[in-house]
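Raw contents of my_file_12.pdb, PDB, C-alpha atoms and all ligand atoms:
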```pdb
ATOM      1  CA  ILE A  68      -2.135   4.970  -9.664  1.00  0.00           C
ATOM      2  CA  GLY A  69      -1.091   5.194 -13.303  1.00  0.00           C
ATOM      3  CA  CYS A  70      -4.485   4.315 -14.787  1.00  0.00           C
ATOM      4  CA  ARG A  71      -4.053   7.025 -17.477  1.00  0.00           C
ATOM      5  CA  PHE A  72      -7.815   7.580 -17.851  1.00  0.00           C
ATOM      6  CA  CYS A  73      -7.413  11.347 -17.489  1.00  0.00           C
ATOM      7  CA  TYR A  74      -4.552  11.397 -19.953  1.00  0.00           C
ATOM      8  CA  ASP A  75      -6.518   9.444 -22.539  1.00  0.00           C
ATOM      9  CA  ALA A  76      -9.642  11.580 -22.020  1.00  0.00           C
ATOM     10  CA  CYS A  77      -8.056  14.978 -22.692  1.00  0.00           C
ATOM     11  CA  PRO A  78      -9.196  16.119 -26.146  1.00  0.00           C
ATOM     12  CA  TYR A  79      -6.697  18.992 -26.260  1.00  0.00           C
ATOM     13  CA  GLU A  80      -3.416  17.156 -25.691  1.00  0.00           C
ATOM     14  CA  ALA A  81      -3.071  19.248 -22.550  1.00  0.00           C
ATOM     15  CA  MET A  82      -1.724  16.472 -20.402  1.00  0.00           C
ATOM     16  CA  GLU A  83       1.554  14.633 -20.178  1.00  0.00           C
ATOM     17  CA  LEU A  84       2.637  11.733 -17.985  1.00  0.00           C
ATOM     18  CA  ASP A  85       5.742  11.997 -15.838  1.00  0.00           C
ATOM     19  CA  GLU A  86       8.250   9.190 -15.354  1.00  0.00           C
ATOM     20  CA  ASN A  87       5.911   7.578 -12.803  1.00  0.00           C
ATOM     21  CA  ASN A  88       2.823   7.816 -15.044  1.00  0.00           C
ATOM     22  CA  ARG A  89       1.439  10.695 -13.008  1.00  0.00           C
ATOM     23  CA  PRO A  90      -0.546  13.271 -14.994  1.00  0.00           C
ATOM     24  CA  VAL A  91       0.930  16.717 -15.529  1.00  0.00           C
ATOM     25  CA  VAL A  92      -1.334  19.407 -17.004  1.00  0.00           C
ATOM     26  CA  ILE A  93       0.189  21.694 -19.641  1.00  0.00           C
ATOM     27  CA  GLU A  94      -1.220  25.059 -18.594  1.00  0.00           C
ATOM     28  CA  ASP A  95      -1.044  26.719 -22.001  1.00  0.00           C
ATOM     29  CA  LYS A  96      -3.123  23.983 -23.655  1.00  0.00           C
ATOM     30  CA  CYS A  97      -5.685  23.326 -20.902  1.00  0.00           C
ATOM     31  CA  ASN A  98      -9.023  25.098 -21.300  1.00  0.00           C
ATOM     32  CA  GLY A  99     -10.602  23.670 -18.165  1.00  0.00           C
ATOM     33  CA  CYS A 100     -13.135  21.472 -19.956  1.00  0.00           C
ATOM     34  CA  GLY A 101     -13.123  18.957 -17.090  1.00  0.00           C
ATOM     35  CA  ALA A 102     -13.015  15.814 -19.247  1.00  0.00           C
ATOM     36  CA  CYS A 103     -10.066  14.524 -17.214  1.00  0.00           C
ATOM     37  CA  GLU A 104     -11.880  14.952 -13.904  1.00  0.00           C
ATOM     38  CA  SER A 105     -15.066  13.331 -15.174  1.00  0.00           C
ATOM     39  CA  VAL A 106     -13.327  10.030 -15.992  1.00  0.00           C
ATOM     40  CA  CYS A 107     -11.252   9.802 -12.810  1.00  0.00           C
ATOM     41  CA  VAL A 108     -12.030   6.554 -10.973  1.00  0.00           C
ATOM     42  CA  SER A 109     -10.495   7.471  -7.621  1.00  0.00           C
ATOM     43  CA  LEU A 110     -13.853   7.847  -5.844  1.00  0.00           C
ATOM     44  CA  GLN A 111     -15.475   4.704  -7.218  1.00  0.00           C
ATOM     45  CA  ASN A 112     -16.035   1.493  -5.299  1.00  0.00           C
ATOM     46  CA  GLY A 113     -12.964  -0.705  -5.289  1.00  0.00           C
ATOM     47  CA  SER A 114     -10.624   2.165  -5.936  1.00  0.00           C
ATOM     48  CA  ILE A 115      -7.133   1.854  -4.526  1.00  0.00           C
ATOM     49  CA  SER A 116      -7.757   5.294  -3.038  1.00  0.00           C
ATOM     50  CA  GLU A 117     -10.432   4.118  -0.599  1.00  0.00           C
ATOM     51  CA  GLY A 118     -11.181   6.900   1.819  1.00  0.00           C
ATOM     52  CA  ALA A 119     -10.428   9.630  -0.714  1.00  0.00           C
ATOM     53  CA  THR A 120     -12.673  12.676  -0.544  1.00  0.00           C
ATOM     54  CA  ALA A 121     -11.834  14.136  -3.943  1.00  0.00           C
ATOM     55  CA  ARG A 122     -10.943  12.792  -7.345  1.00  0.00           C
ATOM     56  CA  ALA A 123      -7.262  12.480  -8.119  1.00  0.00           C
ATOM     57  CA  ILE A 124      -7.577  15.335 -10.595  1.00  0.00           C
ATOM     58  CA  VAL A 125      -9.883  18.267  -9.923  1.00  0.00           C
ATOM     59  CA  VAL A 126     -10.527  21.250 -12.201  1.00  0.00           C
ATOM     60  CA  HIS A 127     -11.154  24.593 -10.474  1.00  0.00           C
ATOM     61  CA  PRO A 128     -12.326  27.880 -12.028  1.00  0.00           C
ATOM     62  CA  LEU A 129      -9.495  30.384 -12.517  1.00  0.00           C
ATOM     63  CA  GLU A 130     -11.260  32.913 -10.281  1.00  0.00           C
ATOM     64  CA  GLU A 131     -11.148  30.379  -7.477  1.00  0.00           C
ATOM     65  CA  VAL A 132      -7.417  29.703  -7.670  1.00  0.00           C
ATOM     66  CA  GLU A 133      -6.240  33.201  -8.563  1.00  0.00           C
ATOM     67  CA  GLY A 134      -8.326  34.845  -5.865  1.00  0.00           C
TER      68      GLY A 134
HETATM   69  S1  LIG B 201      -9.477  20.196 -18.136  1.00  0.00           S
HETATM   70 FE1  LIG B 201      -9.813  19.464 -20.268  1.00  0.00          FE
HETATM   71  S2  LIG B 201      -8.167  20.454 -21.459  1.00  0.00           S
HETATM   72 FE2  LIG B 201      -7.560  20.591 -19.294  1.00  0.00          FE
HETATM   73  S3  LIG B 201      -6.262  18.778 -18.927  1.00  0.00           S
HETATM   74 FE3  LIG B 201      -8.384  18.235 -18.331  1.00  0.00          FE
HETATM   75  S4  LIG B 201      -9.272  17.276 -20.176  1.00  0.00           S
HETATM   76 FE4  LIG B 201      -7.419  18.412 -20.832  1.00  0.00          FE
END
```
Represent the supplied structure as structure tokens.
Ligand code: SF4
Amino acid sequence: IGCRFCYDACPYEAMELDENNRPVVIEDKCNGCGACESVCVSLQNGSISEGATARAIVVHPLEEVEG
């Protein structure tokens, strides 16, 4: 929704915003700290994403995504 909370929360400058203010993670800089996920408001009351089952940005362990 362009709130930018995740972008502002990243302490490692590992996130950029695309032309629509959507977050894009820079793989080489991200260390998986999870700060971006922890500030995401998409599951809170009043969120525009009512009915969502996961935050808009979710950090997964490498083992989980690489198999
Ligand atoms: S997990 Fe941490 S380092 Fe990676 S994009 Fe999110 S806040 Fe930045």
Distance criterion (all atoms listed in the file): nearest to ligand LIG 201 (chain B) out of A:Asp85, A:Ile124, A:Cys70, A:Ser109: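 The shortest atom-to-atom distance to ligand LIG 201 (chain B) comes from A:Ile124.
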For ligand LIG 201 (chain B), the nearest of the candidates A:Glu86, A:Tyr74, A:Ile68, A:Cys103, counting only C-alpha atoms and all ligand atoms: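 Residue with the minimum atom-to-atom distance to ligand LIG 201 (chain B): A:Cys103.
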Please list as a PyMOL selection string every residue within 8 Å of A:Cys97, counting all atoms listed in the file and excluding residues in the same chain fewer than 4 positions away. chain A and resi 79+81-82+92-93
Show which residues sit within 9 Å of A:His127, as JSON, numbers by chain. Count all atoms listed in the file, and ignore same-chain residues fewer than 3 positions away. {"A": [99, 101, 130, 131, 132]}
What are the centre and the three edge lengths of an axis-aligned box that wraps all atoms of ligand LIG 201 (chain B) in the file, given that 3 Å is added to every side, written as AutoDock Vina command-line options and rounded to one decimal in Å?
```
--center_x -8.0 --center_y 18.9 --center_z -19.8 --size_x 9.6 --size_y 9.3 --size_z 9.3
```
So, counting all atoms listed in the file, which residue among A:Pro128, A:Gly118, A:Gly134, A:Gly69 is closest to ligand LIG 201 (chain B)?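 Result for the nearest residue to ligand LIG 201 (chain B): A:Pro128.
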Check the smallest atom-to-atom distance from each of A:Asp75, A:Leu129, A:Pro90, A:Asn98 to ligand LIG 201 (chain B) using all atoms listed in the file, then report the winner. A:Asn98
Quick one: everything within 12 Å of A:Ala123, counting only C-alpha atoms, minus sequence neighbours fewer than 3 positions away in the same chain. Send it as a PyMOL selection string. chain A and resi 68-73+89-91+103-111+114-117+119-120+126
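For the pair atom FE3 of ligand LIG 201 (chain B) and atom CA of A:Ala102, the interatomic distance is 5.3 Å.
The smallest atom-to-atom distance between ligand LIG 201 (chain B) and any of A:Asn88, A:Arg122, A:Ala76, A:Asp95, using all atoms listed in the file, is found for A:Ala76.
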Restricting the calculation to all atoms listed in the file: of A:Glu80, A:Ala121, A:Glu133, A:Asn87, which residue gets closest to ligand LIG 201 (chain B)?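 Looking at the shortest contact to ligand LIG 201 (chain B), the residue is A:Glu80.
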